[in-house]
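S.K.: Sharing run-v5.tsv here; it has TSV, N, CA and C atoms.
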chain	number	residue	atom	x	y	z
A	1	MET	N	-14.20	-3.97	-7.25
A	1	MET	CA	-13.06	-4.13	-6.37
A	1	MET	C	-11.88	-3.38	-6.97
A	2	ASN	N	-11.20	-2.62	-6.11
A	2	ASN	CA	-10.00	-1.89	-6.51
A	2	ASN	C	-8.81	-2.45	-5.75
A	3	TYR	N	-7.63	-2.17	-6.28
A	3	TYR	CA	-6.39	-2.68	-5.70
A	3	TYR	C	-5.40	-1.53	-5.58
A	4	PHE	N	-4.68	-1.50	-4.45
A	4	PHE	CA	-3.76	-0.41	-4.18
A	4	PHE	C	-2.50	-0.95	-3.52
A	5	LEU	N	-1.50	-0.09	-3.47
A	5	LEU	CA	-0.28	-0.36	-2.74
A	5	LEU	C	0.04	0.88	-1.93
A	6	VAL	N	0.35	0.70	-0.65
A	6	VAL	CA	0.78	1.81	0.21
A	6	VAL	C	2.19	1.52	0.68
A	7	LYS	N	2.95	2.59	0.86
A	7	LYS	CA	4.35	2.46	1.26
A	7	LYS	C	4.56	3.10	2.63
A	8	SER	N	5.41	2.45	3.41
A	8	SER	CA	5.80	3.00	4.69
A	8	SER	C	7.23	2.60	4.99
A	9	GLU	N	7.98	3.53	5.55
A	9	GLU	CA	9.32	3.21	6.01
A	9	GLU	C	9.19	2.42	7.31
A	10	PRO	N	9.80	1.25	7.40
A	10	PRO	CA	9.60	0.40	8.58
A	10	PRO	C	9.93	1.08	9.90
A	11	PHE	N	10.90	2.00	9.91
A	11	PHE	CA	11.23	2.65	11.18
A	11	PHE	C	10.16	3.66	11.60
A	12	LYS	N	9.32	4.10	10.65
A	12	LYS	CA	8.21	4.99	10.98
A	12	LYS	C	6.95	4.21	11.33
A	13	TYR	N	6.59	3.25	10.47
A	13	TYR	CA	5.42	2.41	10.72
A	13	TYR	C	5.61	1.11	9.96
A	14	SER	N	5.88	0.05	10.70
A	14	SER	CA	6.20	-1.24	10.08
A	14	SER	C	4.97	-2.14	9.99
A	15	TRP	N	5.10	-3.16	9.17
A	15	TRP	CA	4.06	-4.17	9.06
A	15	TRP	C	3.85	-4.84	10.43
A	16	THR	N	4.92	-5.09	11.16
A	16	THR	CA	4.82	-5.70	12.48
A	16	THR	C	3.98	-4.83	13.42
A	17	GLN	N	4.20	-3.52	13.39
A	17	GLN	CA	3.41	-2.62	14.23
A	17	GLN	C	1.95	-2.61	13.78
A	18	PHE	N	1.72	-2.62	12.47
A	18	PHE	CA	0.38	-2.65	11.92
A	18	PHE	C	-0.37	-3.90	12.42
A	19	LEU	N	0.30	-5.04	12.42
A	19	LEU	CA	-0.32	-6.27	12.93
A	19	LEU	C	-0.68	-6.12	14.40
A	20	LYS	N	0.19	-5.51	15.18
A	20	LYS	CA	-0.10	-5.30	16.61
A	20	LYS	C	-1.28	-4.36	16.80
A	21	ASP	N	-1.33	-3.30	15.98
A	21	ASP	CA	-2.40	-2.30	16.10
A	21	ASP	C	-3.75	-2.84	15.63
A	22	LYS	N	-3.74	-3.78	14.71
A	22	LYS	CA	-4.95	-4.40	14.13
A	22	LYS	C	-5.75	-3.47	13.22
A	23	LYS	N	-5.44	-2.18	13.25
A	23	LYS	CA	-6.12	-1.20	12.39
A	23	LYS	C	-5.38	0.12	12.53
A	24	THR	N	-5.36	0.90	11.45
A	24	THR	CA	-4.76	2.22	11.53
A	24	THR	C	-5.40	3.13	10.50
A	25	PHE	N	-5.27	4.44	10.72
A	25	PHE	CA	-5.63	5.35	9.63
A	25	PHE	C	-4.34	5.70	8.90
A	26	TRP	N	-4.42	5.77	7.58
A	26	TRP	CA	-3.25	6.01	6.73
A	26	TRP	C	-3.09	7.50	6.57
A	27	ASP	N	-2.21	8.10	7.37
A	27	ASP	CA	-2.08	9.55	7.42
A	27	ASP	C	-0.74	10.01	6.84
A	28	GLY	N	-0.58	11.32	6.80
A	28	GLY	CA	0.68	11.91	6.37
A	28	GLY	C	0.83	12.06	4.87
A	29	VAL	N	-0.17	11.70	4.10
A	29	VAL	CA	-0.09	11.82	2.64
A	29	VAL	C	-0.21	13.29	2.27
A	30	ARG	N	0.82	13.81	1.62
A	30	ARG	CA	0.83	15.22	1.23
A	30	ARG	C	1.18	15.40	-0.25
A	31	ASN	N	0.77	14.44	-1.02
A	31	ASN	CA	0.93	14.47	-2.46
A	31	ASN	C	-0.46	14.33	-3.06
A	32	TYR	N	-0.81	15.20	-4.00
A	32	TYR	CA	-2.17	15.20	-4.54
A	32	TYR	C	-2.54	13.90	-5.24
A	33	GLN	N	-1.62	13.33	-5.99
A	33	GLN	CA	-1.92	12.08	-6.69
A	33	GLN	C	-2.17	10.96	-5.69
A	34	ALA	N	-1.32	10.86	-4.67
A	34	ALA	CA	-1.51	9.84	-3.63
A	34	ALA	C	-2.82	10.09	-2.88
A	35	ARG	N	-3.11	11.35	-2.58
A	35	ARG	CA	-4.37	11.69	-1.90
A	35	ARG	C	-5.58	11.26	-2.74
A	36	ASN	N	-5.49	11.47	-4.04
A	36	ASN	CA	-6.60	11.08	-4.92
A	36	ASN	C	-6.81	9.57	-4.90
A	37	HIS	N	-5.72	8.82	-4.79
A	37	HIS	CA	-5.86	7.36	-4.67
A	37	HIS	C	-6.55	6.99	-3.36
A	38	LEU	N	-6.24	7.69	-2.27
A	38	LEU	CA	-6.95	7.44	-1.02
A	38	LEU	C	-8.45	7.68	-1.19
A	39	LYS	N	-8.79	8.72	-1.92
A	39	LYS	CA	-10.21	9.05	-2.14
A	39	LYS	C	-10.91	8.01	-3.01
A	40	GLU	N	-10.16	7.27	-3.82
A	40	GLU	CA	-10.73	6.24	-4.68
A	40	GLU	C	-11.01	4.94	-3.92
A	41	MET	N	-10.40	4.78	-2.76
A	41	MET	CA	-10.53	3.53	-2.02
A	41	MET	C	-11.94	3.34	-1.50
A	42	LYS	N	-12.43	2.11	-1.68
A	42	LYS	CA	-13.77	1.72	-1.22
A	42	LYS	C	-13.63	0.62	-0.16
A	43	LEU	N	-14.69	0.42	0.60
A	43	LEU	CA	-14.69	-0.64	1.62
A	43	LEU	C	-14.30	-1.97	1.00
A	44	ASP	N	-13.45	-2.69	1.69
A	44	ASP	CA	-12.99	-4.03	1.31
A	44	ASP	C	-12.06	-4.07	0.11
A	45	ASP	N	-11.62	-2.92	-0.40
A	45	ASP	CA	-10.59	-2.94	-1.44
A	45	ASP	C	-9.32	-3.53	-0.84
A	46	TRP	N	-8.57	-4.24	-1.66
A	46	TRP	CA	-7.31	-4.85	-1.24
A	46	TRP	C	-6.18	-3.84	-1.33
A	47	VAL	N	-5.28	-3.90	-0.35
A	47	VAL	CA	-4.14	-2.98	-0.28
A	47	VAL	C	-2.88	-3.77	0.06
A	48	LEU	N	-1.87	-3.66	-0.79
A	48	LEU	CA	-0.57	-4.27	-0.49
A	48	LEU	C	0.24	-3.29	0.34
A	49	PHE	N	0.96	-3.80	1.32
A	49	PHE	CA	1.78	-2.99	2.23
A	49	PHE	C	3.23	-3.20	1.85
A	50	TYR	N	3.91	-2.09	1.54
A	50	TYR	CA	5.28	-2.11	1.03
A	50	TYR	C	6.20	-1.39	2.00
A	51	HIS	N	7.29	-2.04	2.38
A	51	HIS	CA	8.32	-1.40	3.19
A	51	HIS	C	9.27	-0.66	2.26
A	52	SER	N	9.31	0.66	2.39
A	52	SER	CA	10.20	1.46	1.55
A	52	SER	C	11.50	1.75	2.29
A	53	ASN	N	12.50	2.15	1.55
A	53	ASN	CA	13.84	2.48	2.04
A	53	ASN	C	14.55	1.27	2.65
A	54	GLU	N	14.04	0.72	3.74
A	54	GLU	CA	14.61	-0.50	4.33
A	54	GLU	C	13.81	-1.68	3.84
A	55	GLY	N	14.47	-2.63	3.24
A	55	GLY	CA	13.76	-3.81	2.78
A	55	GLY	C	13.31	-3.70	1.33
A	56	LYS	N	12.62	-2.63	1.01
A	56	LYS	CA	12.08	-2.40	-0.34
A	56	LYS	C	11.38	-3.65	-0.84
A	57	GLU	N	10.28	-4.00	-0.14
A	57	GLU	CA	9.54	-5.20	-0.51
A	57	GLU	C	8.10	-5.12	-0.03
A	58	VAL	N	7.23	-5.80	-0.78
A	58	VAL	CA	5.84	-5.95	-0.39
A	58	VAL	C	5.81	-7.05	0.66
A	59	VAL	N	5.25	-6.74	1.83
A	59	VAL	CA	5.32	-7.69	2.95
A	59	VAL	C	3.96	-8.16	3.45
A	60	GLY	N	2.88	-7.44	3.11
A	60	GLY	CA	1.59	-7.82	3.67
A	60	GLY	C	0.42	-7.40	2.83
A	61	LEU	N	-0.73	-7.93	3.21
A	61	LEU	CA	-2.00	-7.65	2.55
A	61	LEU	C	-2.96	-7.07	3.58
A	62	ALA	N	-3.61	-5.97	3.20
A	62	ALA	CA	-4.58	-5.30	4.08
A	62	ALA	C	-5.87	-5.03	3.31
A	63	LYS	N	-6.86	-4.56	4.03
A	63	LYS	CA	-8.14	-4.17	3.43
A	63	LYS	C	-8.54	-2.80	3.93
A	64	VAL	N	-9.29	-2.10	3.10
A	64	VAL	CA	-9.87	-0.82	3.50
A	64	VAL	C	-11.07	-1.12	4.39
A	65	VAL	N	-11.08	-0.54	5.60
A	65	VAL	CA	-12.20	-0.77	6.52
A	65	VAL	C	-13.00	0.51	6.79
A	66	LYS	N	-12.50	1.65	6.31
A	66	LYS	CA	-13.26	2.90	6.37
A	66	LYS	C	-12.75	3.80	5.24
A	67	THR	N	-13.68	4.34	4.47
A	67	THR	CA	-13.30	5.19	3.35
A	67	THR	C	-12.83	6.56	3.85
A	68	PHE	N	-12.39	7.37	2.91
A	68	PHE	CA	-11.66	8.60	3.26
A	68	PHE	C	-12.47	9.56	4.13
A	69	TYR	N	-11.70	10.24	4.99
A	69	TYR	CA	-12.22	11.31	5.85
A	69	TYR	C	-11.06	12.25	6.15
A	70	GLN	N	-11.36	13.37	6.75
A	70	GLN	CA	-10.36	14.40	7.05
A	70	GLN	C	-9.19	13.82	7.84
A	71	ASP	N	-7.98	14.12	7.41
A	71	ASP	CA	-6.78	13.68	8.12
A	71	ASP	C	-6.74	14.36	9.49
A	72	PRO	N	-6.83	13.57	10.57
A	72	PRO	CA	-6.86	14.18	11.91
A	72	PRO	C	-5.54	14.79	12.35
A	73	THR	N	-4.47	14.59	11.57
A	73	THR	CA	-3.18	15.14	11.95
A	73	THR	C	-2.96	16.55	11.39
A	74	THR	N	-3.95	17.07	10.66
A	74	THR	CA	-3.83	18.42	10.11
A	74	THR	C	-5.22	19.07	10.04
A	75	GLU	N	-5.24	20.39	10.12
A	75	GLU	CA	-6.50	21.12	9.96
A	75	GLU	C	-6.74	21.50	8.49
A	76	ASP	N	-5.78	21.22	7.64
A	76	ASP	CA	-5.89	21.52	6.22
A	76	ASP	C	-6.84	20.51	5.58
A	77	ASP	N	-8.00	20.98	5.12
A	77	ASP	CA	-9.02	20.06	4.62
A	77	ASP	C	-8.72	19.44	3.26
A	78	ARG	N	-7.57	19.74	2.70
A	78	ARG	CA	-7.19	19.10	1.43
A	78	ARG	C	-6.71	17.66	1.64
A	79	TRP	N	-6.37	17.29	2.86
A	79	TRP	CA	-5.73	16.00	3.11
A	79	TRP	C	-6.67	15.05	3.83
A	80	VAL	N	-6.63	13.80	3.40
A	80	VAL	CA	-7.56	12.78	3.93
A	80	VAL	C	-6.78	11.54	4.36
A	81	VAL	N	-7.48	10.67	5.06
A	81	VAL	CA	-6.96	9.36	5.46
A	81	VAL	C	-8.03	8.31	5.15
A	82	VAL	N	-7.62	7.07	5.15
A	82	VAL	CA	-8.54	5.93	5.15
A	82	VAL	C	-8.11	5.02	6.29
A	83	ASP	N	-9.01	4.18	6.76
A	83	ASP	CA	-8.65	3.19	7.76
A	83	ASP	C	-8.35	1.87	7.07
A	84	LEU	N	-7.25	1.27	7.47
A	84	LEU	CA	-6.82	-0.02	6.93
A	84	LEU	C	-6.69	-1.02	8.06
A	85	ALA	N	-6.93	-2.29	7.73
A	85	ALA	CA	-6.72	-3.38	8.68
A	85	ALA	C	-5.89	-4.46	7.99
A	86	PRO	N	-4.92	-5.03	8.70
A	86	PRO	CA	-4.12	-6.09	8.11
A	86	PRO	C	-4.94	-7.36	7.91
A	87	VAL	N	-4.65	-8.07	6.84
A	87	VAL	CA	-5.32	-9.34	6.56
A	87	VAL	C	-4.34	-10.49	6.78
A	88	LYS	N	-3.16	-10.39	6.14
A	88	LYS	CA	-2.18	-11.46	6.35
A	88	LYS	C	-0.80	-10.99	5.91
A	89	THR	N	0.19	-11.62	6.52
A	89	THR	CA	1.58	-11.44	6.12
A	89	THR	C	1.80	-12.33	4.90
A	90	LEU	N	2.47	-11.79	3.91
A	90	LEU	CA	2.74	-12.59	2.72
A	90	LEU	C	3.70	-13.73	3.06
A	91	LYS	N	3.49	-14.85	2.43
A	91	LYS	CA	4.33	-16.04	2.66
A	91	LYS	C	5.80	-15.70	2.41
A	92	LYS	N	6.04	-14.95	1.35
A	92	LYS	CA	7.39	-14.54	0.99
A	92	LYS	C	7.32	-13.08	0.54
A	93	PRO	N	8.11	-12.17	1.13
A	93	PRO	CA	8.11	-10.79	0.66
A	93	PRO	C	8.49	-10.72	-0.82
A	94	VAL	N	7.93	-9.75	-1.52
A	94	VAL	CA	8.23	-9.57	-2.93
A	94	VAL	C	9.07	-8.30	-3.06
A	95	SER	N	10.31	-8.47	-3.44
A	95	SER	CA	11.26	-7.36	-3.47
A	95	SER	C	11.03	-6.45	-4.67
A	96	LEU	N	11.49	-5.22	-4.52
A	96	LEU	CA	11.44	-4.26	-5.63
A	96	LEU	C	12.20	-4.80	-6.83
A	97	GLU	N	13.32	-5.45	-6.59
A	97	GLU	CA	14.11	-6.01	-7.70
A	97	GLU	C	13.30	-7.06	-8.46
A	98	THR	N	12.60	-7.92	-7.73
A	98	THR	CA	11.75	-8.93	-8.37
A	98	THR	C	10.68	-8.25	-9.21
A	99	ILE	N	10.06	-7.22	-8.66
A	99	ILE	CA	9.02	-6.49	-9.38
A	99	ILE	C	9.58	-5.85	-10.63
A	100	LYS	N	10.72	-5.21	-10.53
A	100	LYS	CA	11.32	-4.54	-11.68
A	100	LYS	C	11.66	-5.51	-12.81
A	101	HIS	N	12.00	-6.73	-12.47
A	101	HIS	CA	12.41	-7.70	-13.48
A	101	HIS	C	11.26	-8.57	-13.99
A	102	ASP	N	10.07	-8.36	-13.49
A	102	ASP	CA	8.92	-9.13	-13.95
A	102	ASP	C	8.23	-8.36	-15.07
A	103	PRO	N	8.10	-8.94	-16.26
A	103	PRO	CA	7.50	-8.23	-17.39
A	103	PRO	C	6.06	-7.72	-17.12
A	104	LEU	N	5.32	-8.42	-16.28
A	104	LEU	CA	3.95	-7.99	-15.97
A	104	LEU	C	3.91	-6.80	-15.02
A	105	LEU	N	5.03	-6.52	-14.34
A	105	LEU	CA	5.05	-5.48	-13.31
A	105	LEU	C	5.99	-4.33	-13.62
A	106	ALA	N	6.74	-4.42	-14.68
A	106	ALA	CA	7.80	-3.46	-14.98
A	106	ALA	C	7.30	-2.01	-15.11
A	107	ASN	N	6.03	-1.82	-15.39
A	107	ASN	CA	5.51	-0.46	-15.59
A	107	ASN	C	4.57	0.02	-14.50
A	108	ILE	N	4.52	-0.67	-13.35
A	108	ILE	CA	3.63	-0.19	-12.29
A	108	ILE	C	4.21	1.09	-11.67
A	109	ALA	N	3.36	1.82	-10.99
A	109	ALA	CA	3.77	3.11	-10.40
A	109	ALA	C	4.93	2.95	-9.42
A	110	LEU	N	5.01	1.82	-8.74
A	110	LEU	CA	6.10	1.59	-7.80
A	110	LEU	C	7.46	1.70	-8.50
A	111	VAL	N	7.50	1.31	-9.75
A	111	VAL	CA	8.73	1.37	-10.53
A	111	VAL	C	8.87	2.74	-11.21
A	112	ARG	N	7.79	3.23	-11.79
A	112	ARG	CA	7.83	4.49	-12.55
A	112	ARG	C	7.84	5.73	-11.67
A	113	GLN	N	7.16	5.70	-10.54
A	113	GLN	CA	7.04	6.86	-9.66
A	113	GLN	C	7.44	6.46	-8.25
A	114	GLY	N	8.71	6.24	-8.06
A	114	GLY	CA	9.23	5.68	-6.82
A	114	GLY	C	8.88	6.43	-5.55
A	115	ARG	N	8.58	7.70	-5.64
A	115	ARG	CA	8.30	8.47	-4.42
A	115	ARG	C	6.81	8.52	-4.08
A	116	LEU	N	5.96	7.99	-4.93
A	116	LEU	CA	4.52	8.01	-4.68
A	116	LEU	C	4.18	7.04	-3.56
A	117	SER	N	3.49	7.50	-2.51
A	117	SER	CA	3.27	6.69	-1.32
A	117	SER	C	1.99	5.85	-1.35
A	118	VAL	N	1.05	6.21	-2.21
A	118	VAL	CA	-0.19	5.46	-2.37
A	118	VAL	C	-0.45	5.36	-3.87
A	119	MET	N	-0.64	4.14	-4.36
A	119	MET	CA	-0.82	3.99	-5.80
A	119	MET	C	-1.86	2.92	-6.10
A	120	ALA	N	-2.51	3.08	-7.24
A	120	ALA	CA	-3.48	2.10	-7.70
A	120	ALA	C	-2.74	1.00	-8.46
A	121	LEU	N	-3.29	-0.20	-8.41
A	121	LEU	CA	-2.78	-1.33	-9.18
A	121	LEU	C	-3.91	-1.89	-10.02
A	122	LYS	N	-3.56	-2.44	-11.17
A	122	LYS	CA	-4.53	-3.19	-11.96
A	122	LYS	C	-4.69	-4.55	-11.32
A	123	SER	N	-5.83	-5.17	-11.57
A	123	SER	CA	-6.11	-6.49	-11.02
A	123	SER	C	-5.00	-7.48	-11.35
A	124	ALA	N	-4.55	-7.49	-12.59
A	124	ALA	CA	-3.51	-8.43	-13.02
A	124	ALA	C	-2.18	-8.17	-12.29
A	125	GLU	N	-1.89	-6.90	-12.01
A	125	GLU	CA	-0.66	-6.55	-11.28
A	125	GLU	C	-0.73	-7.03	-9.83
A	126	PHE	N	-1.86	-6.77	-9.22
A	126	PHE	CA	-2.09	-7.23	-7.84
A	126	PHE	C	-1.96	-8.75	-7.78
A	127	ASP	N	-2.65	-9.44	-8.69
A	127	ASP	CA	-2.63	-10.90	-8.70
A	127	ASP	C	-1.21	-11.44	-8.90
A	128	ARG	N	-0.44	-10.78	-9.73
A	128	ARG	CA	0.93	-11.24	-9.99
A	128	ARG	C	1.80	-11.10	-8.73
A	129	ILE	N	1.67	-9.99	-8.02
A	129	ILE	CA	2.44	-9.82	-6.78
A	129	ILE	C	2.06	-10.90	-5.76
A	130	ILE	N	0.77	-11.16	-5.64
A	130	ILE	CA	0.32	-12.21	-4.71
A	130	ILE	C	0.88	-13.56	-5.16
A	131	GLU	N	0.86	-13.83	-6.46
A	131	GLU	CA	1.40	-15.08	-6.98
A	131	GLU	C	2.89	-15.21	-6.65
A	132	LEU	N	3.64	-14.15	-6.82
A	132	LEU	CA	5.08	-14.16	-6.50
A	132	LEU	C	5.30	-14.42	-5.01
A	133	ALA	N	4.43	-13.87	-4.18
A	133	ALA	CA	4.56	-14.05	-2.73
A	133	ALA	C	4.23	-15.46	-2.29
A	134	GLU	N	3.41	-16.14	-3.06
A	134	GLU	CA	2.97	-17.49	-2.67
A	134	GLU	C	3.89	-18.58	-3.20
A	135	THR	N	4.74	-18.26	-4.17
A	135	THR	CA	5.66	-19.27	-4.70
A	135	THR	C	6.90	-19.33	-3.81
A	136	THR	N	7.38	-20.51	-3.61
A	136	THR	CA	8.54	-20.67	-2.73
A	136	THR	C	9.81	-20.94	-3.49
Written as structure tokens, that's how I'd like the structure from this file.
M.R.:
Amino acid sequence: MNYFLVKSEPFKYSWTQFLKDKKTFWDGVRNYQARNHLKEMKLDDWVLFYHSNEGKEVVGLAKVVKTFYQDPTTEDDRWVVVDLAPVKTLKKPVSLETIKHDPLLANIALVRQGRLSVMALKSAEFDRIIELAETT
């Protein structure tokens, strides 16, 4: 099992829209490191959904439902997508500030590489974000 985090600006594609759609392909990735993370995704891997720019918080949990294939929005074969499906809205969003101040999360890619749109997480990092979301 692998763990990832994907980022989207809510005005472009929000968690609310994702819930309505029930499934989407994760397109528009034009960074090689982020693309490589898409290629690492396997069926049923967990994916945290993060609202960037507005909100700056992890808001939902999704799963990979189809592994990588050619990005249908471009003819350039260097770029791929995966299909994701929402699983649940987090009980409490986990803000970037909370993540930055948590010793277990201070070095994740979300903090170190703020512009990276798809990133891998360690199991302990994923579990900690879920734990933060479940505490009231």
S.K.: List every protein, DNA or RNA residue that has an atom no more than 12 Å from (-9.9, -0.8, 5.2) in the file's coordinate frame, counting only C-alpha atoms, and report them as number ranges by chain.
M.R.: A: 2-4, 22-26, 38, 41-48, 61-68, 81-87
S.K.: Using only N, CA and C atoms, which of the listed residues (A:Asp27, A:Glu57, A:Asp21, A:Glu75) sits closest to Pro93 (chain A)?
M.R.: A:Glu57
S.K.: Mind pulling up the distance from atom C of Glu54 (chain A) to CA of Leu121 (chain A)?
M.R.: 21.1 Å
S.K.: What is the CA of Glu40 (chain A)-atom N of Met1 (chain A) distance in Å, reported with one decimal?
M.R.: 11.1 Å
S.K.: As a count of residues only, please: every residue in region 17-50 of chain A that a backbone DSSP assignment puts in strand (DSSP E).
M.R.: 7
S.K.: Residues within 7 Å of Met119 (chain A), please, as number ranges by chain. Count only C-alpha atoms; anything in the same chain fewer than 2 positions from it doesn't count.
M.R.: A: 4-6, 34, 37, 109, 116-117, 121
S.K.: Tell me which protein, DNA and RNA residues are within 8 Å of Leu110 (chain A), counting only N, CA and C atoms, leaving out same-chain ones fewer than 3 positions away, and put them as a PDB file with N, CA and C atoms, keeping the file's coordinate frame.
M.R.:
ATOM      1  N   LEU A  96      11.490  -5.220  -4.520  1.00  0.00           N
ATOM      2  CA  LEU A  96      11.440  -4.260  -5.630  1.00  0.00           C
ATOM      3  C   LEU A  96      12.200  -4.800  -6.830  1.00  0.00           C
ATOM      4  N   LYS A 100      10.720  -5.210 -10.530  1.00  0.00           N
ATOM      5  CA  LYS A 100      11.320  -4.540 -11.680  1.00  0.00           C
ATOM      6  C   LYS A 100      11.660  -5.510 -12.810  1.00  0.00           C
ATOM      7  N   LEU A 105       5.030  -6.520 -14.340  1.00  0.00           N
ATOM      8  CA  LEU A 105       5.050  -5.480 -13.310  1.00  0.00           C
ATOM      9  C   LEU A 105       5.990  -4.330 -13.620  1.00  0.00           C
ATOM     10  N   ALA A 106       6.740  -4.420 -14.680  1.00  0.00           N
ATOM     11  CA  ALA A 106       7.800  -3.460 -14.980  1.00  0.00           C
ATOM     12  C   ALA A 106       7.300  -2.010 -15.110  1.00  0.00           C
ATOM     13  N   ASN A 107       6.030  -1.820 -15.390  1.00  0.00           N
ATOM     14  CA  ASN A 107       5.510  -0.460 -15.590  1.00  0.00           C
ATOM     15  C   ASN A 107       4.570   0.020 -14.500  1.00  0.00           C
ATOM     16  N   GLN A 113       7.160   5.700 -10.540  1.00  0.00           N
ATOM     17  CA  GLN A 113       7.040   6.860  -9.660  1.00  0.00           C
ATOM     18  C   GLN A 113       7.440   6.460  -8.250  1.00  0.00           C
ATOM     19  N   GLY A 114       8.710   6.240  -8.060  1.00  0.00           N
ATOM     20  CA  GLY A 114       9.230   5.680  -6.820  1.00  0.00           C
ATOM     21  C   GLY A 114       8.880   6.430  -5.550  1.00  0.00           C
ATOM     22  N   ARG A 115       8.580   7.700  -5.640  1.00  0.00           N
ATOM     23  CA  ARG A 115       8.300   8.470  -4.420  1.00  0.00           C
ATOM     24  C   ARG A 115       6.810   8.520  -4.080  1.00  0.00           C
ATOM     25  N   LEU A 116       5.960   7.990  -4.930  1.00  0.00           N
ATOM     26  CA  LEU A 116       4.520   8.010  -4.680  1.00  0.00           C
ATOM     27  C   LEU A 116       4.180   7.040  -3.560  1.00  0.00           C
ATOM     28  N   MET A 119      -0.640   4.140  -4.360  1.00  0.00           N
ATOM     29  CA  MET A 119      -0.820   3.990  -5.800  1.00  0.00           C
ATOM     30  C   MET A 119      -1.860   2.920  -6.100  1.00  0.00           C
ATOM     31  N   ALA A 120      -2.510   3.080  -7.240  1.00  0.00           N
ATOM     32  CA  ALA A 120      -3.480   2.100  -7.700  1.00  0.00           C
ATOM     33  C   ALA A 120      -2.740   1.000  -8.460  1.00  0.00           C
TER      34      ALA A 120
END
S.K.: Work out how far apart CA of Lys92 (chain A) and CA of Glu134 (chain A) are and give it in Å to one decimal.
M.R.: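 Spanning CA of Lys92 (chain A) to CA of Glu134 (chain A) is a straight-line distance of 6.5 Å.
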S.K.: Taking (4.0, -15.4, -4.4) as a centre in this file's frame and 8 Å as the limit, can you find every polymer residue with an atom that close, using all atoms listed in the file, and give them as an MDAnalysis selection string?
M.R.: chainID A and resid 90:94 127:136
S.K.: Which residues are near His51 (chain A)? Cut-off 6 Å, only N, CA and C atoms, ignore same chain within fewer than 3 positions. Put them as a list in words.
M.R.: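 These residues fall inside the cut-off: Lys7, Ser8, Glu9, Pro10, Glu54, Gly55, Lys56, Glu57, Val58 and Val59 of chain A.
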S.K.: Based on DSSP run over this structure's backbone, return all residues of region 15-102 of chain A in alpha helix (DSSP H), as number ranges by chain.
M.R.: A: 15-21, 32-40, 96-100
S.K.: When you count all atoms listed in the file, which of these residues is closest to Lys88 (chain A): A:Phe126, A:Lys20, A:Gly60, A:Val29?
M.R.: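 Residue with the minimum atom-to-atom distance to Lys88 (chain A): A:Gly60.
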S.K.: Measuring atom to atom with all atoms listed in the file, identify which of A:Tyr50, A:Glu97, A:Pro72, A:Lys122 is nearest to Trp15 (chain A).
M.R.: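 Checking each of A:Tyr50, A:Glu97, A:Pro72, A:Lys122 against Trp15 (chain A), counting all atoms listed in the file, the winner is A:Tyr50.
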